[in-house]
Amino acid sequence: MKNYIFILFVSILMAGCKPSSNTDLENHNILSYVNPLIGTSGHGHTFPGAAYPFGMVQLSPDTGLDGWDWCSGYHYSDSSIIGFSHTHLSGTGRSDLMDIMLMPTTGDIKLQAGTKEDPDSGYRSRFSHEEEWASPGYYKVNLKDYNITVELTTSPRCGFHKYTFPQSKESHIIIDLSHHYAKDSVIFTSLNLVDSCTITGQRNTKGWGEPGEKYWSNQQIFYAIRISKPFDSAKLALDDQFTKNKTAQGKNIKAILNFETNQNETIFVKVGISAVSIDNALQNLTEEIPEWNFDTILNENQSAWKEKLGKVIIDAPEKTKTIFYTALYHSFLAPYLYNDINGEYLGFDKKVYKALNFNNYTVLSLWDTFRAENPLLTLLTPEITSNLIQSMLMQYEQYGLLPVWPLWSSETNCMIGYHSVPVIVDAYFKGIRNFDVEKAYQAMRASAMQDDFGIKELKQYKYIPYDKYNKSVSTALEYCFDDWCIAQMAKELNKIGDYEYFMKRSASYKTYFDKEHKLMNGVSSKGKPRRPFDPFYSSYGECDWVEGNSWQYSFFAPHDINGLIELYGGKKAFASALDTLFSMSPNMSGGDVPIDITGLIGQYAHGNEPSHHVAYLYNYAGQPHKTQKRLHEIMTTLYTDKPDGLCGNEDCGQMSAWYVFSAMGIYPVNPASGIYVFGKPMINKAILKTGDNPFIIEAHNLNENNIYIQSVKLNGRNYNKLYITHQDITQGGHLEFEMGSEPSTNKFISSIPNRNEDEEQE
């Protein structure tokens with residue numbers, strides 16, 4: 001597999017030109033360490049195509065729509081391409097988008113896409129991974145059946161296609177508006193041949209964001225297409241029947257644009273999109289890609305990626321650099337920009353609004369990302385977090401609640417918790433406060449005091465009984481953490497009554513601790529633990545758990561880990577329970593065990609988010625060497641530089657953000673604490689650009705055998721804590737780990753506060 005970077009007009013092969021120093025890496029070749037094909041195999045669900053950092057457009061090939069591993073539209077196991085669509089989800093466990101698909105072809109006109117088994121039955125084309133290239137903001141592939149080379153790049157709101165055709169009197173560009181992961185999800189499309197170079201229209205779909213009680217989740221996109229060469233003729237097809245009209249409306253519309261091309265003739269296609277109007281799509285296109293210079297837009301895109309990826313400069317082995325920078329790249333794909341260049345966007349009440357002094361963002365996989373992805377953005381790109389919080393408050397105004405899992409202008413309410421809360425609270429205590437704090441508090445409180453999603457039962461019983469609400473324990477445990485976050489904000493705002501109320505709710509995790517089994521368990525409305533109890537059981541149906549089982553959720557109380565340790569009977573017993581978790585059989589019970597539970601080491605499931613903090617918990621039990629050993633195992637066996645290099649859904653950056661933090665040797669176990677707990681570094685040196693002064697993390701004598709931290713220094717002084725604060729990092733400094741092959745005999749302070757302020761008060 002080859003990996004190319006293309007800069008300006010000349011295509012430069014970078015894979016064999018690795019930099020020899022940090023200066024070279026920072027100034028020139030950082031993009032060469034990003035391989036967007038990582039995660040496109042296995043269960044990673046990533047896409048390989050072109051995107052701008054946090055951009056609206058993700059222009060990528062689609063190879064299949066026929067299964068869970070095709071949530072992004074592409075899977076590395078495929079050998080043929082359907083076409084190139086402009087919106088994709090990154091690493092999610094459900095499929096949607098894939099809007100406005102284009103496909104260049106030659107020869108006979110075909111209206112059907114064809115199948116993987118028989119590509120010749122449609123316009124689908126075979127391709128080879130040996131003739132496929134991907135780097136940040138750029139994708140290239142040769143369509144073997146047509147001998148057409150496709151190159152793709154993007155601006156924030158537009159896609160830019162470059163097609164190099166063979167000599168042919170029958171060259172075509174197909175526009176397929178019915179292309180979607182489920183055809184019955186397309187509810188309306190339109191297409192207008194404005195002139196021989198311009199096409200506009202609309203597409204409305206219903207998918208992940210199903211119709212709810214408040215607002216119909218009609219997902220709409222408007223598009224404007226401009227082509228560098230006038231087409232000789234064009235045909236519109238409605239329900240696969242050609243029409244002589246220049247406009248068409250319906251659920252199944254395709255357009256075939258016909259050209260005569262010379263050998264190696266290039267045709268460029270620019271596509272602007274908008275959720276508001278065709279006029280806005282045209283404006284986005286005109287202002288972001290005013291000319292036909294593909295290389296200029298590519299250079300602007302890659303310059304943006306260099307700036308973002310340059311937030312962290314590392315020294316590490318070559319393979320580790322690729323894994324790290326690809327992870328950082330994936331962390332900077334989502335959330336997605338969701339306002340036009342004039343500031344307009346479609347609200348959750350289906351009215352048009354204008355973002356004033358901020359950018360509006362969508363695609364917030366908060367159940368996943370609150371754990372590491374959002375803290376990483378707050379650390380490295382605080383401007384994105386600031387915009388994100390203002391976007392959340394706009395949803396609150398339009399919808400009445402904070403985001404759970406918003407997709408464009410629809411709330412999917414996918415997964416559990418109200419995890420906008422820790423994102424807002426974490427940002428506030430880290431100094432991001434350019435939003436209406438009182439409104440934010442009221443929004444958090446509104447989400448926590450509604451009567452849906454088990455909260456009515458929580459308010460009534462002071463816990464969620466399993467016989468009153470399905471998925472009760474997972475749901476309640478996540479609420480406990482969110483409620484602790486609200487309590488911290490209430491205390492800060494001197495709302496003492498609310499502080500006491502939400503602190504009590506945050507402690508209700510103890511209700512589910514089954515003293516007989518020493519694990520979390522469902523509790524009935526009569527206060528009795530579930531019997532019989534199977535801690536290995538998980539199901540999509542009736543179950544106490546969401547994408548996990550009792551073993552995987554019994555260690556989730558990140559706001560009160562010391563209290564959790566007490567439930568287990570002390571540090572020794574707690575560490576023993578963790579040992580059992582990692583060493584027992586990975587087998588699970590249940591008729592329909594969730595397919596998301598992957599990356600198993602014992603019952604630890606790294607492929608799904610509830611486990612992500614667990615390896616760090618040995619620190620709290622006074623056995624940090626076990627944290628270091630397990631993290632080394634996870635990072636060396638469950639992350640690779642191959643297409644199947646992710647052991648589970650990437651989930652909009654969470655799987656990757658976990659690696660970015662962990663490879664540097666730190667992790668936000670409590671994502672709203674302002675504290676990063678030490679783990680096991682995978683890189684020799686990292687330079688973080690988080691403020692006026694850089695923060696350097698350095699691991700001395702690090703190699704495959706030296707996986708244990710022997711001692712720590714901060715700014716040249718011996719340091720015996722197992723954590724560092726956000727303030728330590730942002731004010732600049734130097735953190736040094738001395739590594740060795742055996743567990744350290746030095747004594748580290750294992751007491752880690754719930755929040756940075758707690759230590760100061762002590």
# chains A, B, ... in the order shown; residues from 1 in each chain; ligands from 1

call {"tool": "residues_around", "arguments": {"residues": "A:Gln395", "least_positions_apart": "5", "cutoff": "8 Å", "atoms": "only C-alpha atoms", "output": "PyMOL selection string"}}
result
chain A and resi 347-348+400-403

call {"tool": "residues_around", "arguments": {"residues": "A:Lys321", "least_positions_apart": "3", "cutoff": "10 Å", "atoms": "only C-alpha atoms", "output": "ChimeraX atom specification"}}
result
/A:30,32-34,313-318,324-327,641,682-683

call {"tool": "write_last_selection", "arguments": {"atoms": "C-alpha atoms", "output": "compact mmCIF listing (two decimals), in the first residue's frame"}}
result
# COMPACT_ATOMS: atom_id res chain seq x y z
CA ILE A 30 4.11 15.82 9.40
CA SER A 32 3.38 11.89 5.69
CA TYR A 33 2.75 10.17 9.01
CA VAL A 34 -1.03 10.21 8.58
CA ILE A 313 5.36 17.43 17.76
CA ILE A 314 6.73 14.02 18.73
CA ASP A 315 9.90 11.98 18.60
CA ALA A 316 9.11 8.28 18.35
CA PRO A 317 9.78 5.18 16.24
CA GLU A 318 8.46 5.44 12.68
CA PHE A 324 -0.01 8.66 16.67
CA TYR A 325 -0.51 11.21 13.90
CA THR A 326 -3.26 9.18 12.27
CA ALA A 327 -4.97 9.11 15.65
CA ASP A 641 -0.43 1.06 11.37
CA MET A 682 4.82 5.26 23.92
CA ILE A 683 6.81 8.18 22.54

call {"tool": "closest_residue", "arguments": {"among": "A:Ser95, A:Ala50, A:Leu380, A:Met588", "to": "A:Pro694", "atoms": "only C-alpha atoms"}}
result
A:Leu380

call {"tool": "residues_around", "arguments": {"residues": "A:Pro61", "least_positions_apart": "5", "cutoff": "10 Å", "atoms": "only C-alpha atoms", "output": "PDB file with N, CA and C atoms, in the first residue's frame"}}
result
ATOM      1  N   PHE A  47     -13.448   6.469   7.166  1.00  0.00           N
ATOM      2  CA  PHE A  47     -13.439   6.661   5.712  1.00  0.00           C
ATOM      3  C   PHE A  47     -12.056   7.167   5.292  1.00  0.00           C
ATOM      4  N   PRO A  48     -11.627   6.884   4.065  1.00  0.00           N
ATOM      5  CA  PRO A  48     -10.275   7.270   3.635  1.00  0.00           C
ATOM      6  C   PRO A  48     -10.217   8.576   2.863  1.00  0.00           C
ATOM      7  N   GLY A  49     -11.363   9.181   2.566  1.00  0.00           N
ATOM      8  CA  GLY A  49     -11.410  10.298   1.642  1.00  0.00           C
ATOM      9  C   GLY A  49     -10.931  11.611   2.220  1.00  0.00           C
ATOM     10  N   ALA A  50     -11.157  12.678   1.437  1.00  0.00           N
ATOM     11  CA  ALA A  50     -10.642  14.006   1.761  1.00  0.00           C
ATOM     12  C   ALA A  50     -11.602  14.759   2.669  1.00  0.00           C
ATOM     13  N   SER A  72     -19.358   3.839   7.301  1.00  0.00           N
ATOM     14  CA  SER A  72     -18.777   5.017   6.653  1.00  0.00           C
ATOM     15  C   SER A  72     -18.926   4.968   5.141  1.00  0.00           C
ATOM     16  N   GLY A  73     -19.512   3.887   4.623  1.00  0.00           N
ATOM     17  CA  GLY A  73     -19.667   3.726   3.182  1.00  0.00           C
ATOM     18  C   GLY A  73     -18.516   3.004   2.513  1.00  0.00           C
ATOM     19  N   TYR A  74     -17.419   2.801   3.250  1.00  0.00           N
ATOM     20  CA  TYR A  74     -16.209   2.206   2.664  1.00  0.00           C
ATOM     21  C   TYR A  74     -15.686   1.117   3.582  1.00  0.00           C
ATOM     22  N   HIS A  75     -15.225   0.009   2.986  1.00  0.00           N
ATOM     23  CA  HIS A  75     -14.511  -1.003   3.762  1.00  0.00           C
ATOM     24  C   HIS A  75     -13.360  -1.536   2.933  1.00  0.00           C
ATOM     25  N   SER A  80     -14.303  -2.822  -5.340  1.00  0.00           N
ATOM     26  CA  SER A  80     -14.958  -1.971  -6.329  1.00  0.00           C
ATOM     27  C   SER A  80     -15.584  -0.769  -5.641  1.00  0.00           C
ATOM     28  N   ILE A  81     -15.705   0.319  -6.406  1.00  0.00           N
ATOM     29  CA  ILE A  81     -16.202   1.597  -5.894  1.00  0.00           C
ATOM     30  C   ILE A  81     -17.500   1.952  -6.605  1.00  0.00           C
ATOM     31  N   ILE A  82     -18.497   2.368  -5.824  1.00  0.00           N
ATOM     32  CA  ILE A  82     -19.775   2.809  -6.388  1.00  0.00           C
ATOM     33  C   ILE A  82     -19.659   4.238  -6.906  1.00  0.00           C
ATOM     34  N   GLY A  83     -19.047   5.091  -6.096  1.00  0.00           N
ATOM     35  CA  GLY A  83     -18.935   6.496  -6.448  1.00  0.00           C
ATOM     36  C   GLY A  83     -18.353   7.277  -5.288  1.00  0.00           C
ATOM     37  N   PHE A  84     -18.458   8.615  -5.380  1.00  0.00           N
ATOM     38  CA  PHE A  84     -17.812   9.504  -4.415  1.00  0.00           C
ATOM     39  C   PHE A  84     -18.854  10.497  -3.894  1.00  0.00           C
ATOM     40  N   SER A  85     -19.222  10.325  -2.620  1.00  0.00           N
ATOM     41  CA  SER A  85     -20.241  11.187  -2.025  1.00  0.00           C
ATOM     42  C   SER A  85     -19.607  12.152  -1.040  1.00  0.00           C
ATOM     43  N   HIS A  86     -20.376  13.173  -0.628  1.00  0.00           N
ATOM     44  CA  HIS A  86     -19.789  14.352   0.009  1.00  0.00           C
ATOM     45  C   HIS A  86     -19.943  14.427   1.525  1.00  0.00           C
ATOM     46  N   HIS A  88     -19.911  11.979   5.170  1.00  0.00           N
ATOM     47  CA  HIS A  88     -19.687  10.666   5.774  1.00  0.00           C
ATOM     48  C   HIS A  88     -19.505  10.813   7.277  1.00  0.00           C
ATOM     49  N   MET A  98     -23.800  10.179   3.334  1.00  0.00           N
ATOM     50  CA  MET A  98     -23.431   9.747   1.973  1.00  0.00           C
ATOM     51  C   MET A  98     -24.251  10.491   0.924  1.00  0.00           C
ATOM     52  N   MET A 101     -23.782  11.868  -4.599  1.00  0.00           N
ATOM     53  CA  MET A 101     -22.725  11.000  -5.107  1.00  0.00           C
ATOM     54  C   MET A 101     -22.483  11.241  -6.591  1.00  0.00           C
ATOM     55  N   LEU A 102     -21.199  11.339  -6.962  1.00  0.00           N
ATOM     56  CA  LEU A 102     -20.775  11.474  -8.346  1.00  0.00           C
ATOM     57  C   LEU A 102     -19.914  10.282  -8.726  1.00  0.00           C
ATOM     58  N   MET A 103     -19.986   9.887 -10.013  1.00  0.00           N
ATOM     59  CA  MET A 103     -19.159   8.791 -10.501  1.00  0.00           C
ATOM     60  C   MET A 103     -18.800   9.032 -11.962  1.00  0.00           C
ATOM     61  N   TYR A 139      -7.367  12.461  -1.663  1.00  0.00           N
ATOM     62  CA  TYR A 139      -7.602  11.050  -1.971  1.00  0.00           C
ATOM     63  C   TYR A 139      -7.458  10.873  -3.472  1.00  0.00           C
ATOM     64  N   LYS A 140      -6.859   9.763  -3.876  1.00  0.00           N
ATOM     65  CA  LYS A 140      -6.658   9.467  -5.293  1.00  0.00           C
ATOM     66  C   LYS A 140      -6.849   7.977  -5.528  1.00  0.00           C
ATOM     67  N   VAL A 141      -7.490   7.646  -6.641  1.00  0.00           N
ATOM     68  CA  VAL A 141      -7.681   6.238  -6.988  1.00  0.00           C
ATOM     69  C   VAL A 141      -7.823   6.121  -8.500  1.00  0.00           C
ATOM     70  N   LEU A 152      -9.380  13.854  -5.227  1.00  0.00           N
ATOM     71  CA  LEU A 152     -10.364  14.583  -4.433  1.00  0.00           C
ATOM     72  C   LEU A 152      -9.676  15.454  -3.391  1.00  0.00           C
TER      73      LEU A 152
END

call {"tool": "closest_residue", "arguments": {"among": "A:Asn299, A:Ser171, A:Ser589, A:Thr205", "to": "A:Asp232", "atoms": "only C-alpha atoms"}}
result
A:Ser171

call {"tool": "residues_around", "arguments": {"residues": "A:Ser365", "least_positions_apart": "2", "cutoff": "7 Å", "atoms": "only C-alpha atoms", "output": "VMD selection string"}}
result
chain A and resid 363 367 to 369 405 651 to 652

call {"tool": "residues_around", "arguments": {"residues": "stretch 513-528 of chain A", "least_positions_apart": "6", "cutoff": "8 Å", "atoms": "only C-alpha atoms", "output": "ChimeraX atom specification"}}
result
/A:461,464-468,472-473,535,544,550-551,553-554,567-568

call {"tool": "select_by_dssp", "arguments": {"residues": "stretch 344-511 of chain A", "states": "helix (DSSP H, G or I)", "output": "MDAnalysis selection string"}}
result
chainID A and resid 366:369 373:380 382:399 420:429 437:448 455:461 472:492 496:511

call {"tool": "write_last_selection", "arguments": {"atoms": "C-alpha atoms", "output": "compact mmCIF listing (two decimals), in the first residue's frame"}}
result
# COMPACT_ATOMS: atom_id res chain seq x y z
CA LEU A 366 -21.01 12.59 23.13
CA TRP A 367 -21.45 9.20 24.83
CA ASP A 368 -18.15 8.31 23.24
CA THR A 369 -16.29 11.58 23.02
CA GLU A 373 -11.95 13.34 22.54
CA ASN A 374 -13.58 16.43 24.04
CA PRO A 375 -10.85 16.90 26.69
CA LEU A 376 -8.27 16.61 23.90
CA LEU A 377 -10.03 19.31 21.87
CA THR A 378 -10.24 21.50 24.97
CA LEU A 379 -6.51 21.05 25.52
CA LEU A 380 -5.29 21.48 21.92
CA PRO A 382 -9.93 25.44 22.79
CA GLU A 383 -11.45 27.60 20.05
CA ILE A 384 -13.33 24.54 18.76
CA THR A 385 -14.61 23.74 22.26
CA SER A 386 -15.75 27.34 22.68
CA ASN A 387 -17.73 27.19 19.43
CA LEU A 388 -19.03 23.76 20.36
CA ILE A 389 -20.49 24.98 23.65
CA GLN A 390 -22.22 27.87 21.93
CA SER A 391 -23.63 25.36 19.42
CA MET A 392 -24.91 23.26 22.32
CA LEU A 393 -26.66 26.27 23.83
CA MET A 394 -28.29 27.05 20.49
CA GLN A 395 -29.70 23.51 20.43
CA TYR A 396 -31.00 24.07 23.95
CA GLU A 397 -32.81 27.22 22.81
CA GLN A 398 -34.32 25.52 19.76
CA TYR A 399 -34.98 22.05 21.15
CA SER A 420 -22.90 17.77 26.98
CA VAL A 421 -22.64 18.51 30.71
CA PRO A 422 -19.04 17.34 31.34
CA VAL A 423 -17.90 19.06 28.14
CA ILE A 424 -19.30 22.40 29.33
CA VAL A 425 -18.15 22.01 32.93
CA ASP A 426 -14.66 20.87 31.95
CA ALA A 427 -14.28 23.82 29.58
CA TYR A 428 -15.52 26.28 32.20
CA PHE A 429 -13.04 25.18 34.85
CA VAL A 437 -22.70 30.68 31.95
CA GLU A 438 -26.10 31.05 33.64
CA LYS A 439 -27.89 29.85 30.51
CA ALA A 440 -25.47 26.94 30.31
CA TYR A 441 -26.23 26.00 33.90
CA GLN A 442 -29.97 26.15 33.32
CA ALA A 443 -29.55 24.02 30.19
CA MET A 444 -27.60 21.40 32.14
CA ARG A 445 -30.21 21.39 34.86
CA ALA A 446 -33.04 21.08 32.31
CA SER A 447 -31.44 17.96 30.81
CA ALA A 448 -30.96 16.48 34.28
CA ILE A 455 -34.87 10.38 34.79
CA LYS A 456 -38.48 10.35 35.98
CA GLU A 457 -37.76 7.04 37.72
CA LEU A 458 -34.47 8.39 39.06
CA LYS A 459 -36.26 11.32 40.67
CA GLN A 460 -38.98 9.10 42.09
CA TYR A 461 -36.90 6.22 43.49
CA SER A 472 -31.18 0.89 34.00
CA VAL A 473 -27.70 0.40 35.48
CA SER A 474 -25.60 1.71 32.60
CA THR A 475 -27.92 4.67 32.27
CA ALA A 476 -27.84 5.47 35.97
CA LEU A 477 -24.06 5.14 36.32
CA GLU A 478 -23.52 7.61 33.48
CA TYR A 479 -26.05 10.01 35.02
CA CYS A 480 -24.12 9.86 38.31
CA PHE A 481 -21.03 11.28 36.65
CA ASP A 482 -22.99 13.97 34.79
CA ASP A 483 -24.75 14.94 38.01
CA TRP A 484 -21.41 15.30 39.80
CA CYS A 485 -20.38 17.71 37.05
CA ILE A 486 -23.56 19.75 37.52
CA ALA A 487 -22.88 19.83 41.26
CA GLN A 488 -19.43 21.31 40.69
CA MET A 489 -20.90 24.07 38.55
CA ALA A 490 -23.69 24.67 41.06
CA LYS A 491 -21.13 25.10 43.81
CA GLU A 492 -19.13 27.51 41.66
CA ILE A 496 -25.89 25.41 47.29
CA GLY A 497 -29.25 23.66 47.23
CA ASP A 498 -28.61 22.33 43.76
CA TYR A 499 -25.07 21.39 44.74
CA GLU A 500 -26.28 19.21 47.59
CA TYR A 501 -29.06 17.66 45.49
CA PHE A 502 -26.84 16.69 42.57
CA MET A 503 -24.06 15.46 44.83
CA LYS A 504 -26.55 13.05 46.41
CA ARG A 505 -27.63 11.89 42.97
CA SER A 506 -24.02 11.46 41.92
CA ALA A 507 -23.47 9.09 44.87
CA SER A 508 -26.38 6.83 43.90
CA TYR A 509 -23.98 4.60 41.94
CA LYS A 510 -23.44 2.84 45.28
CA THR A 511 -27.05 1.61 45.16

call {"tool": "residues_around", "arguments": {"residues": "A:Thr106", "least_positions_apart": "6", "cutoff": "7 Å", "atoms": "only C-alpha atoms", "output": "NGL selection string"}}
result
:A and (146 or 170-172)

call {"tool": "residues_around", "arguments": {"residues": "A:Phe127", "least_positions_apart": "2", "cutoff": "12 Å", "atoms": "only C-alpha atoms", "output": "PyMOL selection string"}}
result
chain A and resi 61-63+76-83+116+119+124-125+129-133+140-150

call {"tool": "write_last_selection", "arguments": {"atoms": "C-alpha atoms", "output": "PDB file, in the first residue's frame"}}
result
ATOM      1  CA  PRO A  61     -15.411   6.772  -1.977  1.00  0.00           C
ATOM      2  CA  ASP A  62     -18.294   4.458  -1.204  1.00  0.00           C
ATOM      3  CA  THR A  63     -17.733   0.746  -1.749  1.00  0.00           C
ATOM      4  CA  TYR A  76     -10.987  -2.042   2.889  1.00  0.00           C
ATOM      5  CA  SER A  77     -12.089  -5.578   2.066  1.00  0.00           C
ATOM      6  CA  ASP A  78     -13.931  -4.355  -1.039  1.00  0.00           C
ATOM      7  CA  SER A  79     -12.483  -4.238  -4.536  1.00  0.00           C
ATOM      8  CA  SER A  80     -14.958  -1.971  -6.329  1.00  0.00           C
ATOM      9  CA  ILE A  81     -16.202   1.597  -5.894  1.00  0.00           C
ATOM     10  CA  ILE A  82     -19.775   2.809  -6.388  1.00  0.00           C
ATOM     11  CA  GLY A  83     -18.935   6.496  -6.448  1.00  0.00           C
ATOM     12  CA  LYS A 116     -19.785  -6.265  -5.547  1.00  0.00           C
ATOM     13  CA  PRO A 119     -19.528  -4.843 -10.904  1.00  0.00           C
ATOM     14  CA  ARG A 124     -19.505   0.497 -10.208  1.00  0.00           C
ATOM     15  CA  SER A 125     -15.801   0.120 -11.020  1.00  0.00           C
ATOM     16  CA  HIS A 129      -5.349  -0.677  -3.197  1.00  0.00           C
ATOM     17  CA  GLU A 130      -2.008  -0.559  -5.050  1.00  0.00           C
ATOM     18  CA  GLU A 131      -3.478   2.309  -7.064  1.00  0.00           C
ATOM     19  CA  GLU A 132      -5.141   4.080  -4.148  1.00  0.00           C
ATOM     20  CA  TRP A 133      -3.541   6.952  -2.207  1.00  0.00           C
ATOM     21  CA  LYS A 140      -6.658   9.467  -5.293  1.00  0.00           C
ATOM     22  CA  VAL A 141      -7.681   6.238  -6.988  1.00  0.00           C
ATOM     23  CA  ASN A 142      -7.637   4.679 -10.435  1.00  0.00           C
ATOM     24  CA  LEU A 143     -10.965   3.301 -11.628  1.00  0.00           C
ATOM     25  CA  LYS A 144      -9.741   0.223 -13.485  1.00  0.00           C
ATOM     26  CA  ASP A 145     -12.876  -0.468 -15.506  1.00  0.00           C
ATOM     27  CA  TYR A 146     -12.803   3.012 -17.040  1.00  0.00           C
ATOM     28  CA  ASN A 147      -9.093   3.906 -16.849  1.00  0.00           C
ATOM     29  CA  ILE A 148     -10.106   7.122 -15.076  1.00  0.00           C
ATOM     30  CA  THR A 149      -7.959   8.650 -12.346  1.00  0.00           C
ATOM     31  CA  VAL A 150      -9.977  10.365  -9.606  1.00  0.00           C
TER      32      VAL A 150
END
